[in-house]
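Chemist: I am sharing target35.txt, which consists of compact mmCIF, C-alpha atoms:
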```txt
# COMPACT_ATOMS: atom_id res chain seq x y z
CA MET A 1 39.46 64.53 29.64
CA ALA A 2 37.27 62.37 27.33
CA SER A 3 35.19 59.56 28.83
CA VAL A 4 36.19 55.91 28.40
CA SER A 5 33.25 55.20 26.12
CA SER A 6 33.90 58.09 23.74
CA GLY A 7 36.32 55.99 21.68
CA PHE A 8 33.65 53.43 20.73
CA PRO A 9 31.17 53.89 17.91
CA PHE A 10 27.54 54.71 18.69
CA ASN A 11 28.66 55.75 22.16
CA LEU A 12 27.91 52.28 23.66
CA PRO A 13 29.10 51.52 27.17
CA VAL A 14 31.89 49.03 27.61
CA ALA A 15 29.61 46.68 29.55
CA SER A 16 27.15 46.53 26.63
CA LEU A 17 29.93 45.71 24.20
CA LEU A 18 31.17 42.95 26.44
CA LEU A 19 27.64 41.55 26.70
CA ILE A 20 27.26 41.56 22.89
CA LEU A 21 30.62 39.84 22.55
CA LEU A 22 29.61 37.15 25.03
CA LEU A 23 26.31 36.62 23.20
CA CYS A 24 28.14 36.25 19.88
CA LEU A 25 30.52 33.74 21.40
CA HIS A 26 27.66 31.83 22.95
CA SER A 27 25.71 31.89 19.67
CA GLY A 28 28.74 30.61 17.80
CA GLY A 29 29.19 27.87 20.35
CA GLY A 30 25.52 26.90 20.10
CA GLN A 31 25.73 26.74 16.32
CA LYS A 32 28.81 24.58 16.55
CA LYS A 33 27.03 22.30 18.98
CA LYS A 34 24.07 21.94 16.58
CA GLU A 35 26.41 21.11 13.72
CA ASN A 36 28.16 18.46 15.79
CA MET A 37 24.81 17.00 16.85
CA LEU A 38 23.63 16.89 13.24
CA VAL A 39 26.81 15.14 12.11
CA GLU A 40 26.41 12.63 14.92
CA LYS A 41 22.79 11.91 13.98
CA VAL A 42 23.58 11.49 10.28
CA ASP A 43 26.53 9.20 11.05
CA GLN A 44 24.34 7.09 13.32
CA MET A 45 21.59 6.80 10.69
CA MET A 46 24.14 5.84 8.04
CA GLU A 47 25.60 3.19 10.33
CA TRP A 48 22.17 1.68 10.95
CA SER A 49 21.39 1.77 7.22
CA SER A 50 24.59 -0.10 6.46
CA ARG A 51 23.31 -2.96 8.63
CA ARG A 52 19.65 -2.97 7.59
CA SER A 53 17.86 -1.15 4.80
CA VAL A 54 14.91 -0.43 7.12
CA ILE A 55 15.85 1.01 10.51
CA ARG A 56 13.72 -0.24 13.41
CA MET A 57 12.80 2.50 15.87
CA ASN A 58 11.19 2.71 19.26
CA GLY A 59 9.70 5.81 20.84
CA ASP A 60 13.03 7.31 22.01
CA LYS A 61 14.79 6.80 18.68
CA PHE A 62 11.81 8.21 16.79
CA ARG A 63 11.72 11.37 18.85
CA ARG A 64 15.47 11.89 18.65
CA PHE A 65 16.24 11.03 15.03
CA VAL A 66 12.94 11.82 13.28
CA LYS A 67 11.11 14.50 15.25
CA ALA A 68 13.81 16.49 17.04
CA PRO A 69 15.97 19.08 15.24
CA PRO A 70 18.52 19.53 13.84
CA ARG A 71 17.88 17.33 10.82
CA ASN A 72 18.84 17.79 7.15
CA TYR A 73 17.53 14.44 5.90
CA SER A 74 14.09 13.09 5.04
CA VAL A 75 12.69 10.02 6.77
CA ILE A 76 10.07 7.59 5.49
CA VAL A 77 8.35 5.83 8.39
CA MET A 78 6.08 2.80 8.18
CA PHE A 79 3.86 2.53 11.23
CA THR A 80 2.82 -1.09 11.49
CA ALA A 81 1.89 -4.01 13.72
CA LEU A 82 3.88 -7.08 12.70
CA GLN A 83 3.61 -9.17 15.82
CA PRO A 84 1.67 -12.44 15.27
CA GLN A 85 -0.84 -11.66 18.01
CA ARG A 86 -1.96 -8.57 16.08
CA GLN A 87 -3.11 -10.75 13.17
CA CYS A 88 -2.44 -8.01 10.64
CA SER A 89 -1.93 -9.82 7.34
CA VAL A 90 -2.00 -6.51 5.47
CA CYS A 91 0.91 -5.29 7.61
CA ARG A 92 3.02 -8.27 6.55
CA GLN A 93 2.19 -7.77 2.88
CA ALA A 94 2.97 -4.04 3.07
CA ASN A 95 6.20 -4.78 4.91
CA GLU A 96 7.39 -7.04 2.09
CA GLU A 97 6.84 -4.26 -0.47
CA TYR A 98 8.46 -1.73 1.87
CA GLN A 99 11.54 -3.94 2.23
CA VAL A 100 11.82 -4.25 -1.57
CA LEU A 101 11.72 -0.47 -1.92
CA ALA A 102 14.22 0.15 0.89
CA ASN A 103 16.65 -2.42 -0.54
CA SER A 104 16.32 -0.85 -3.98
CA TRP A 105 17.36 2.50 -2.49
CA ARG A 106 20.06 1.12 -0.20
CA TYR A 107 21.90 -0.76 -2.97
CA SER A 108 21.43 1.82 -5.74
CA SER A 109 24.23 4.05 -6.99
CA ALA A 110 22.21 7.13 -5.95
CA PHE A 111 22.10 6.13 -2.27
CA CYS A 112 23.04 9.01 0.05
CA ASN A 113 22.35 10.42 3.51
CA LYS A 114 19.38 12.52 2.38
CA LEU A 115 16.75 9.79 2.75
CA PHE A 116 16.27 6.98 5.25
CA PHE A 117 13.66 4.24 5.62
CA THR A 118 12.46 3.38 9.11
CA VAL A 119 9.71 1.36 10.77
CA VAL A 120 7.86 1.82 14.05
CA ASP A 121 6.04 -1.27 15.30
CA TYR A 122 3.08 -0.71 17.60
CA ASP A 123 4.46 -3.13 20.20
CA GLU A 124 7.76 -1.24 20.27
CA GLY A 125 6.46 2.32 20.01
CA ALA A 126 2.85 2.53 21.20
CA ASP A 127 3.62 5.98 22.60
CA VAL A 128 4.46 7.19 19.08
CA PHE A 129 1.07 6.01 17.81
CA GLN A 130 -0.61 7.90 20.66
CA GLN A 131 1.49 11.00 20.03
CA LEU A 132 0.45 11.09 16.36
CA ASN A 133 -3.19 10.12 17.11
CA MET A 134 -2.77 7.12 14.83
CA ASN A 135 -5.31 4.30 15.16
CA SER A 136 -4.69 2.18 12.07
CA ALA A 137 -1.83 0.26 10.52
CA PRO A 138 -0.04 0.07 8.23
CA THR A 139 0.52 3.79 7.57
CA PHE A 140 3.33 5.41 5.62
CA MET A 141 4.48 8.93 6.47
CA HIS A 142 7.19 11.24 5.15
CA PHE A 143 8.97 13.51 7.61
CA PRO A 144 10.68 16.24 5.54
CA ALA A 145 14.10 17.63 6.30
CA LYS A 146 12.58 21.04 7.05
CA GLY A 147 9.20 21.85 8.52
CA LYS A 148 6.38 19.63 9.70
CA PRO A 149 4.67 16.90 7.66
CA LYS A 150 1.76 18.07 5.55
CA ARG A 151 -1.35 16.19 4.54
CA ALA A 152 0.29 14.95 1.33
CA ASP A 153 3.14 13.48 3.42
CA THR A 154 0.79 10.68 4.50
CA PHE A 155 0.56 8.00 1.81
CA ASP A 156 -2.99 7.26 0.62
CA LEU A 157 -2.80 3.52 1.15
CA GLN A 158 -6.51 2.80 0.72
CA ARG A 159 -6.74 4.46 -2.69
CA ILE A 160 -3.35 3.63 -4.22
CA GLY A 161 -2.29 0.38 -2.56
CA PHE A 162 1.16 -0.38 -1.17
CA ALA A 163 3.09 -1.67 -4.19
CA SER A 164 6.75 -0.66 -4.15
CA GLU A 165 6.40 1.21 -7.43
CA GLN A 166 3.55 3.34 -6.07
CA LEU A 167 5.51 4.11 -2.90
CA ALA A 168 8.54 5.09 -5.01
CA LYS A 169 6.39 7.48 -7.07
CA TRP A 170 4.99 9.07 -3.91
CA ILE A 171 8.49 9.50 -2.45
CA ALA A 172 9.68 11.13 -5.68
CA ASP A 173 6.82 13.64 -5.41
CA ARG A 174 7.66 14.48 -1.80
CA THR A 175 11.48 14.42 -1.86
CA ASP A 176 12.62 14.59 -5.52
CA VAL A 177 14.52 11.35 -4.87
CA GLN A 178 14.06 8.91 -7.72
CA ILE A 179 14.15 5.24 -6.72
CA ARG A 180 14.20 2.50 -9.32
CA VAL A 181 12.59 -0.59 -7.84
CA PHE A 182 14.53 -3.83 -8.22
CA ARG A 183 12.61 -6.91 -7.26
CA PRO A 184 14.30 -10.22 -6.41
CA PRO A 185 13.91 -12.80 -9.17
CA ASN A 186 10.64 -14.71 -8.97
CA TYR A 187 10.51 -17.90 -11.01
CA SER A 188 7.05 -18.99 -9.89
CA GLY A 189 5.43 -17.54 -13.02
CA THR A 190 7.94 -19.25 -15.29
CA ILE A 191 7.50 -22.57 -13.50
CA ALA A 192 3.71 -22.29 -13.66
CA LEU A 193 3.85 -21.53 -17.39
CA ALA A 194 6.19 -24.47 -17.99
CA LEU A 195 3.84 -26.79 -16.07
CA LEU A 196 0.85 -25.52 -18.04
CA VAL A 197 2.62 -26.02 -21.38
CA SER A 198 3.70 -29.50 -20.27
CA LEU A 199 0.15 -30.36 -19.18
CA VAL A 200 -1.39 -29.16 -22.44
CA GLY A 201 1.33 -30.88 -24.47
CA GLY A 202 0.85 -34.13 -22.58
CA LEU A 203 -2.92 -33.96 -23.03
CA LEU A 204 -2.57 -33.39 -26.76
CA TYR A 205 -0.10 -36.27 -27.01
CA LEU A 206 -2.42 -38.67 -25.17
CA ARG A 207 -5.37 -37.63 -27.34
CA ARG A 208 -3.38 -37.39 -30.55
CA ASN A 209 -5.67 -39.90 -32.29
CA ASN A 210 -8.83 -38.00 -31.29
CA LEU A 211 -8.52 -34.23 -31.27
CA GLU A 212 -12.18 -33.41 -31.72
CA PHE A 213 -12.33 -31.88 -28.24
CA ILE A 214 -10.31 -28.95 -29.59
CA TYR A 215 -13.40 -27.95 -31.59
CA ASN A 216 -15.68 -28.16 -28.56
CA LYS A 217 -17.51 -24.81 -28.45
CA THR A 218 -18.63 -25.25 -24.85
CA GLY A 219 -15.08 -25.74 -23.63
CA TRP A 220 -13.82 -22.63 -25.40
CA ALA A 221 -16.82 -20.66 -24.16
CA MET A 222 -16.05 -21.65 -20.54
CA ALA A 223 -12.40 -20.67 -20.94
CA ALA A 224 -13.38 -17.32 -22.44
CA LEU A 225 -15.84 -16.67 -19.61
CA CYS A 226 -13.15 -17.36 -17.01
CA VAL A 227 -10.91 -14.73 -18.61
CA VAL A 228 -13.80 -12.25 -18.83
CA PHE A 229 -14.75 -12.79 -15.18
CA ALA A 230 -11.14 -12.30 -14.05
CA MET A 231 -10.71 -9.07 -16.01
CA THR A 232 -14.09 -7.50 -15.20
CA SER A 233 -13.70 -8.22 -11.48
CA GLY A 234 -10.52 -6.12 -11.26
CA GLN A 235 -7.80 -8.78 -11.06
CA MET A 236 -5.49 -6.75 -13.29
CA TRP A 237 -6.03 -3.68 -11.07
CA ASN A 238 -5.06 -5.80 -8.06
CA HIS A 239 -1.91 -6.96 -9.83
CA ILE A 240 -0.86 -3.39 -10.65
CA ARG A 241 -1.86 -1.60 -7.43
CA GLY A 242 -1.34 -4.37 -4.87
CA PRO A 243 -4.28 -3.54 -2.55
CA PRO A 244 -4.82 -5.36 0.76
CA TYR A 245 -7.06 -8.42 0.84
CA ALA A 246 -9.43 -6.77 3.32
CA HIS A 247 -9.40 -4.11 6.04
CA LYS A 248 -9.72 -4.77 9.75
CA ASN A 249 -10.76 -1.87 11.96
CA PRO A 250 -8.27 -1.82 14.88
CA GLN A 251 -10.85 -0.23 17.20
CA ASN A 252 -13.72 -2.70 16.96
CA GLY A 253 -12.10 -5.55 15.00
CA GLN A 254 -14.70 -5.36 12.22
CA VAL A 255 -13.45 -6.63 8.85
CA SER A 256 -14.46 -4.83 5.64
CA TYR A 257 -14.38 -6.74 2.37
CA ILE A 258 -15.87 -3.94 0.23
CA HIS A 259 -13.98 -0.66 -0.08
CA GLY A 260 -16.13 2.40 0.58
CA SER A 261 -14.62 4.45 -2.25
CA SER A 262 -15.09 4.17 -6.01
CA GLN A 263 -11.36 4.85 -6.45
CA ALA A 264 -10.14 1.66 -4.78
CA GLN A 265 -11.00 -1.94 -3.97
CA PHE A 266 -9.87 -4.86 -1.85
CA VAL A 267 -8.74 -8.21 -3.23
CA ALA A 268 -11.66 -9.90 -1.48
CA GLU A 269 -14.01 -7.45 -3.20
CA SER A 270 -12.79 -8.53 -6.65
CA HIS A 271 -13.43 -12.17 -5.69
CA ILE A 272 -16.98 -11.31 -4.61
CA ILE A 273 -17.64 -9.44 -7.87
CA LEU A 274 -16.28 -12.40 -9.84
CA LEU A 275 -18.68 -14.80 -8.11
CA LEU A 276 -21.63 -12.45 -8.60
CA ASN A 277 -20.90 -12.06 -12.32
CA ALA A 278 -20.58 -15.85 -12.64
CA ALA A 279 -23.92 -16.39 -10.88
CA ILE A 280 -25.67 -13.85 -13.12
CA THR A 281 -24.16 -15.46 -16.20
CA MET A 282 -25.30 -18.89 -15.04
CA GLY A 283 -28.81 -17.52 -14.64
CA MET A 284 -28.77 -16.14 -18.19
CA VAL A 285 -27.54 -19.50 -19.51
CA LEU A 286 -30.38 -21.30 -17.73
CA LEU A 287 -32.94 -18.85 -19.11
CA ASN A 288 -31.60 -19.42 -22.61
CA GLU A 289 -31.65 -23.17 -22.06
CA ALA A 290 -35.27 -23.06 -20.87
CA ALA A 291 -36.30 -21.04 -23.91
CA THR A 292 -34.49 -23.05 -26.59
CA SER A 293 -34.64 -26.63 -25.36
CA LYS A 294 -37.43 -29.01 -26.42
CA GLY A 295 -37.66 -31.13 -23.29
CA ASP A 296 -40.41 -31.54 -20.73
CA VAL A 297 -42.40 -28.33 -20.17
CA GLY A 298 -42.39 -28.72 -16.38
CA LYS A 299 -38.63 -29.18 -16.30
CA ARG A 300 -38.14 -26.17 -18.57
CA ARG A 301 -40.36 -24.10 -16.27
CA ILE A 302 -38.21 -25.04 -13.25
CA ILE A 303 -35.02 -24.19 -15.14
CA CYS A 304 -36.53 -20.85 -16.13
CA LEU A 305 -37.50 -19.99 -12.55
CA VAL A 306 -34.06 -20.95 -11.21
CA GLY A 307 -32.33 -18.88 -13.88
CA LEU A 308 -34.61 -15.91 -13.26
CA GLY A 309 -33.99 -16.16 -9.52
CA LEU A 310 -30.21 -16.19 -10.01
CA VAL A 311 -30.28 -13.13 -12.27
CA VAL A 312 -32.67 -11.11 -10.09
CA PHE A 313 -31.06 -11.83 -6.72
CA PHE A 314 -27.39 -11.58 -7.65
CA PHE A 315 -27.87 -8.58 -9.92
CA SER A 316 -29.62 -6.85 -7.05
CA PHE A 317 -26.67 -7.70 -4.80
CA LEU A 318 -24.23 -6.40 -7.42
CA LEU A 319 -26.20 -3.16 -7.76
CA SER A 320 -26.18 -2.77 -3.97
CA ILE A 321 -22.37 -2.95 -3.91
CA PHE A 322 -22.24 -0.39 -6.72
CA ARG A 323 -24.44 2.00 -4.71
CA SER A 324 -22.25 1.60 -1.61
CA LYS A 325 -19.17 2.67 -3.58
CA TYR A 326 -20.75 5.40 -5.70
CA HIS A 327 -22.44 7.46 -3.02
CA GLY A 328 -25.51 9.24 -4.26
CA TYR A 329 -26.40 6.68 -6.93
CA PRO A 330 -30.23 6.76 -6.77
CA TYR A 331 -31.27 3.35 -8.12
CA SER A 332 -31.60 0.04 -6.31
CA PHE A 333 -33.35 -3.30 -6.80
CA LEU A 334 -34.54 -5.56 -3.98
CA ILE A 335 -31.39 -5.03 -1.86
CA LYS A 336 -30.45 -1.50 -0.80
```
Hey, can you dump this file as C-alpha cells for me?

Modeler:
Amino acid sequence: MASVSSGFPFNLPVASLLLILLLCLHSGGGQKKKENMLVEKVDQMMEWSSRRSVIRMNGDKFRRFVKAPPRNYSVIVMFTALQPQRQCSVCRQANEEYQVLANSWRYSSAFCNKLFFTVVDYDEGADVFQQLNMNSAPTFMHFPAKGKPKRADTFDLQRIGFASEQLAKWIADRTDVQIRVFRPPNYSGTIALALLVSLVGGLLYLRRNNLEFIYNKTGWAMAALCVVFAMTSGQMWNHIRGPPYAHKNPQNGQVSYIHGSSQAQFVAESHIILLLNAAITMGMVLLNEAATSKGDVGKRRIICLVGLGLVVFFFSFLLSIFRSKYHGYPYSFLIK
C-alpha cells in the first residue's frame, strides 16, 4: 500500500505542506495589515492637510508618519524654532516662505497624496533633533517615499536661501513634483511707487517757476552713486535668493554677519559692503577735491589726509572680507 505522502509532488510530508500553507496565510494577512496601515496613514495625512497646508508634528507623529514604514508618499519637513524665547528671526522669515510654498501646493489643481509639507518645532520635538543629530535651524529635509534620505535631500539653505521659488525647484529635483508658487498680493511696492511719483510731482509743481535744480550735476551724481552702491553690494541677489539677515550659532550664540562661502551672502553683509564702498568713494572724492580746489594749502592738506585715510583703511577692510570668503586668496593690506 502506498504511503500517505506519495500523492503529493516532490514527496513532501503533509506536515511541511501544512506549515507552508500557514506561512502563506500569515504572509497574506501581514500584507493586508500593511496595506490597511498605509491607507490609514495616508487618510490621516490628507485630513490634516485639509485643515492646514503645513502639518505640525511632534516626536511621536514624526516617527509614525515620516520615519516608520509603510509609506508611499514623500514628506518635506522644516525643522525650526519659532518660539519667541528662541529669538530666531531667520526661522520666522523661512516659515513665511515655507507657508507660501505649502499653500501653493495645497490649493493647486495638481495637489495629491504623494507629497506633504510638515514642520517640527524644537520645543515640540527636541527628541527628533537629537535623533537626527541636528544642531541648527531652520533646516529643510526631504524624506522620500522609498529608502532613506540622501545628502541631496537636505536643502542647502546657506548657499541658495529660503525663497519659495528656490524651495520649489529643489522639491522638483527630488520628487518630480512641479509646484507653481502663488504669492498673496502685495501692494506695498505699488503704494511706495505712487507716493514717490506724488512726491516728485508735488516738488516739481512747487518749484515750477525755478527748475534749475533739475540740471544740478551733484544731485544726479549722488542719485547715480546710490544705485551703484545698492547693485554692487548685492541687493538684487538678496531680492532673488532671499538669504537670512545673519546667522546665529545655536551652540554658542555667536552671530555671523559675513558668510564664509563665496557662493552666498547674508543681508547684513550686503549692508556692510555698501557702507565700505560709500566710505571708499567719499575718500576718493576728498582726494579729488584736495587736488583740484584752490583754497588754503593747509586745509587742502587736511582734506587730502582724511581722504587718503578713508581709502586706505576701508579698502583694507573690504579686501579682508574678500579674503575671508575666497579662501586661499594670497593678498592683504593692513587688515588680514

Chemist: If you measure from CA of Ile273 (chain A) to CA of Asn238 (chain A), what distance in Å do you get, rounded to one decimal?

Modeler: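 CA of Ile273 (chain A) sits 13.1 Å away from CA of Asn238 (chain A).
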
Chemist: Of the residues A:Gly234, A:Gly295, A:Gly161, A:Pro185, which is the one nearest to Glu269 (chain A), using only C-alpha atoms?

Modeler: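 Among the listed residues, A:Gly234 lies closest to Glu269 (chain A).
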
Chemist: So, with only C-alpha atoms as the atoms that count, which of A:Ser233, A:Asn288, A:Asn277, A:Gln99 lies closest to Pro184 (chain A)?

Modeler: A:Gln99

Chemist: Which residue out of A:His327, A:His239, A:Lys33, A:Arg174 has the minimum interatomic distance to Ser74 (chain A) when all atoms listed in the file are used?

Modeler: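 The shortest atom-to-atom distance to Ser74 (chain A) comes from A:Arg174.
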
Chemist: Can you measure CA of Ser164 (chain A) to CA of Val181 (chain A) for me? One decimal in Å is fine.

Modeler: 6.9 Å

Chemist: Residues of region 167-259 of chain A that have any atom at most 12 Å from an atom of region 130-141 of chain A: could you tabulate them with the shortest-distance atom pair and the distance in Å to one decimal, using all atoms listed in the file, ordered by chain and increasing number, as CSV?

Modeler:
```
residue,atom,partner,partner_atom,distance
A:Leu167,CA,A:Phe140,CA,8.9
A:Ala168,CA,A:Phe140,CA,11.8
A:Trp170,CA,A:Phe140,CA,10.3
A:Ile171,CA,A:Met141,CA,9.8
A:Arg174,CA,A:Met141,CA,10.5
A:Pro244,CA,A:Pro138,CA,10.4
A:His247,CA,A:Ala137,CA,9.8
A:Lys248,CA,A:Ser136,CA,8.9
A:Asn249,CA,A:Ser136,CA,7.3
A:Pro250,CA,A:Ser136,CA,6.1
A:Gln251,CA,A:Asn135,CA,7.4
A:Asn252,CA,A:Asn135,CA,11.1
A:Gly253,CA,A:Ser136,CA,11.1
```

Chemist: I'd like the contact shell of Asp173 (chain A) - 12 Å cut-off, only C-alpha atoms, skipping same-chain residues fewer than 2 positions apart - returned as a list of chain:residue names.

Modeler: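 Counting only the stated atoms, we get A:His142, A:Pro144, A:Ala152, A:Asp153, A:Thr154, A:Phe155, A:Gln166, A:Leu167, A:Ala168, A:Lys169, A:Trp170, A:Ile171, A:Thr175, A:Asp176, A:Val177, A:Gln178, A:Ile179.
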
Chemist: Closest to Phe317 (chain A) among A:Leu157, A:Val42, A:Leu334, A:Leu204, using all atoms listed in the file?

Modeler: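 Distance minimum relative to Phe317 (chain A) lands on A:Leu334.
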
Chemist: Between A:Val128, A:Ile191, A:Met46, A:Ile55, which has the minimum distance to Ala102 (chain A) (counting all atoms listed in the file)?

Modeler: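 Among the listed residues, A:Ile55 lies closest to Ala102 (chain A).
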
Chemist: Between CA of Asp121 (chain A) and CA of Gln93 (chain A), what is the distance, to one decimal in Å?

Modeler: 14.5 Å

Chemist: Of the candidates A:Glu35, A:Trp48, A:Leu275, A:Gln85, which one gets nearest to Leu310 (chain A) if we count only C-alpha atoms?

Modeler: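 Looking at the shortest contact to Leu310 (chain A), the residue is A:Leu275.
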
Chemist: Name the residues in contact with Ile302 (chain A) at a cut-off of 12 Å, using only C-alpha atoms, excluding same-chain residues fewer than 5 positions from it; report them as an mmCIF file with C-alpha atoms, in the frame of the given file.

Modeler:
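Final output, saved to result-v1.cif:
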```cif
data_model
loop_
_atom_site.group_PDB
_atom_site.id
_atom_site.type_symbol
_atom_site.label_atom_id
_atom_site.label_comp_id
_atom_site.auth_asym_id
_atom_site.auth_seq_id
_atom_site.Cartn_x
_atom_site.Cartn_y
_atom_site.Cartn_z
ATOM 1 C CA LEU A 286 -30.380 -21.300 -17.730
ATOM 2 C CA LEU A 287 -32.940 -18.850 -19.110
ATOM 3 C CA GLU A 289 -31.650 -23.170 -22.060
ATOM 4 C CA ALA A 290 -35.270 -23.060 -20.870
ATOM 5 C CA ALA A 291 -36.300 -21.040 -23.910
ATOM 6 C CA GLY A 295 -37.660 -31.130 -23.290
ATOM 7 C CA ASP A 296 -40.410 -31.540 -20.730
ATOM 8 C CA VAL A 297 -42.400 -28.330 -20.170
ATOM 9 C CA GLY A 307 -32.330 -18.880 -13.880
ATOM 10 C CA LEU A 308 -34.610 -15.910 -13.260
ATOM 11 C CA GLY A 309 -33.990 -16.160 -9.520
#
```

Chemist: Find the residues near Val312 (chain A): any atom within 9 Å, counting all atoms listed in the file, skip ones fewer than 6 places away on the same chain, and give them as a compact mmCIF listing (two decimals) with C-alpha atoms, in the coordinates of the input.

Modeler:
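The new file result14.txt reads:
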```txt
# COMPACT_ATOMS: atom_id res chain seq x y z
CA ILE A 280 -25.67 -13.85 -13.12
CA GLY A 283 -28.81 -17.52 -14.64
CA PHE A 333 -33.35 -3.30 -6.80
CA LEU A 334 -34.54 -5.56 -3.98
```

Chemist: Which polymer residues have any atom within 10 Å of an atom of Thr232 (chain A), counting all atoms listed in the file, with same-chain residues fewer than 3 positions away left out, as a PyMOL selection string?

Modeler: chain A and resi 227-229+235-237+270+273-274+277

Chemist: Could you write out that same residue set with C-alpha atoms as a PDB file, in the frame of the given file?

Modeler:
```
ATOM      1  CA  VAL A 227     -10.910 -14.730 -18.610  1.00  0.00           C
ATOM      2  CA  VAL A 228     -13.800 -12.250 -18.830  1.00  0.00           C
ATOM      3  CA  PHE A 229     -14.750 -12.790 -15.180  1.00  0.00           C
ATOM      4  CA  GLN A 235      -7.800  -8.780 -11.060  1.00  0.00           C
ATOM      5  CA  MET A 236      -5.490  -6.750 -13.290  1.00  0.00           C
ATOM      6  CA  TRP A 237      -6.030  -3.680 -11.070  1.00  0.00           C
ATOM      7  CA  SER A 270     -12.790  -8.530  -6.650  1.00  0.00           C
ATOM      8  CA  ILE A 273     -17.640  -9.440  -7.870  1.00  0.00           C
ATOM      9  CA  LEU A 274     -16.280 -12.400  -9.840  1.00  0.00           C
ATOM     10  CA  ASN A 277     -20.900 -12.060 -12.320  1.00  0.00           C
TER      11      ASN A 277
END
```

Chemist: For region 58-72 of chain A, which lacks atoms in the input, supply N, CA, C and O atoms and format the output as a PDB file, keeping the file's coordinate frame.

Modeler:
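Done, and the output landed in rebuild-v5.pdb:
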```pdb
ATOM      1  N   ASN A  58      12.138   2.634  18.173  1.00  0.00           N
ATOM      2  CA  ASN A  58      11.190   2.710  19.260  1.00  0.00           C
ATOM      3  C   ASN A  58      10.827   4.177  19.502  1.00  0.00           C
ATOM      4  O   ASN A  58      11.182   5.044  18.699  1.00  0.00           O
ATOM      5  N   GLY A  59      10.125   4.444  20.586  1.00  0.00           N
ATOM      6  CA  GLY A  59       9.700   5.810  20.840  1.00  0.00           C
ATOM      7  C   GLY A  59      10.855   6.787  21.000  1.00  0.00           C
ATOM      8  O   GLY A  59      10.848   7.903  20.458  1.00  0.00           O
ATOM      9  N   ASP A  60      11.892   6.411  21.765  1.00  0.00           N
ATOM     10  CA  ASP A  60      13.030   7.310  22.010  1.00  0.00           C
ATOM     11  C   ASP A  60      13.790   7.606  20.723  1.00  0.00           C
ATOM     12  O   ASP A  60      14.134   8.767  20.450  1.00  0.00           O
ATOM     13  N   LYS A  61      14.069   6.585  19.937  1.00  0.00           N
ATOM     14  CA  LYS A  61      14.790   6.800  18.680  1.00  0.00           C
ATOM     15  C   LYS A  61      13.974   7.658  17.719  1.00  0.00           C
ATOM     16  O   LYS A  61      14.518   8.521  17.023  1.00  0.00           O
ATOM     17  N   PHE A  62      12.667   7.423  17.675  1.00  0.00           N
ATOM     18  CA  PHE A  62      11.810   8.210  16.790  1.00  0.00           C
ATOM     19  C   PHE A  62      11.843   9.678  17.155  1.00  0.00           C
ATOM     20  O   PHE A  62      11.985  10.539  16.276  1.00  0.00           O
ATOM     21  N   ARG A  63      11.724   9.974  18.424  1.00  0.00           N
ATOM     22  CA  ARG A  63      11.720  11.370  18.850  1.00  0.00           C
ATOM     23  C   ARG A  63      13.074  12.035  18.619  1.00  0.00           C
ATOM     24  O   ARG A  63      13.139  13.223  18.272  1.00  0.00           O
ATOM     25  N   ARG A  64      14.152  11.290  18.785  1.00  0.00           N
ATOM     26  CA  ARG A  64      15.470  11.890  18.650  1.00  0.00           C
ATOM     27  C   ARG A  64      15.905  12.043  17.199  1.00  0.00           C
ATOM     28  O   ARG A  64      16.418  13.103  16.815  1.00  0.00           O
ATOM     29  N   PHE A  65      15.685  11.009  16.380  1.00  0.00           N
ATOM     30  CA  PHE A  65      16.240  11.030  15.030  1.00  0.00           C
ATOM     31  C   PHE A  65      15.226  11.445  13.958  1.00  0.00           C
ATOM     32  O   PHE A  65      15.627  11.761  12.837  1.00  0.00           O
ATOM     33  N   VAL A  66      13.941  11.455  14.276  1.00  0.00           N
ATOM     34  CA  VAL A  66      12.940  11.820  13.280  1.00  0.00           C
ATOM     35  C   VAL A  66      12.258  13.144  13.622  1.00  0.00           C
ATOM     36  O   VAL A  66      12.087  13.992  12.751  1.00  0.00           O
ATOM     37  N   LYS A  67      11.866  13.307  14.874  1.00  0.00           N
ATOM     38  CA  LYS A  67      11.110  14.500  15.250  1.00  0.00           C
ATOM     39  C   LYS A  67      11.978  15.672  15.675  1.00  0.00           C
ATOM     40  O   LYS A  67      11.690  16.815  15.316  1.00  0.00           O
ATOM     41  N   ALA A  68      13.035  15.404  16.441  1.00  0.00           N
ATOM     42  CA  ALA A  68      13.810  16.490  17.040  1.00  0.00           C
ATOM     43  C   ALA A  68      14.789  17.107  16.051  1.00  0.00           C
ATOM     44  O   ALA A  68      15.426  16.386  15.291  1.00  0.00           O
ATOM     45  N   PRO A  69      14.912  18.441  16.039  1.00  0.00           N
ATOM     46  CA  PRO A  69      15.970  19.080  15.240  1.00  0.00           C
ATOM     47  C   PRO A  69      17.310  18.961  15.957  1.00  0.00           C
ATOM     48  O   PRO A  69      17.335  18.631  17.159  1.00  0.00           O
ATOM     49  N   PRO A  70      18.432  19.195  15.268  1.00  0.00           N
ATOM     50  CA  PRO A  70      18.520  19.530  13.840  1.00  0.00           C
ATOM     51  C   PRO A  70      18.461  18.270  12.980  1.00  0.00           C
ATOM     52  O   PRO A  70      18.819  17.180  13.407  1.00  0.00           O
ATOM     53  N   ARG A  71      17.991  18.452  11.734  1.00  0.00           N
ATOM     54  CA  ARG A  71      17.880  17.330  10.820  1.00  0.00           C
ATOM     55  C   ARG A  71      17.881  17.869   9.392  1.00  0.00           C
ATOM     56  O   ARG A  71      17.083  18.735   9.056  1.00  0.00           O
ATOM     57  N   ASN A  72      18.765  17.364   8.553  1.00  0.00           N
ATOM     58  CA  ASN A  72      18.840  17.790   7.150  1.00  0.00           C
ATOM     59  C   ASN A  72      18.536  16.640   6.195  1.00  0.00           C
ATOM     60  O   ASN A  72      18.905  16.666   5.035  1.00  0.00           O
TER      61      ASN A  72
END
```
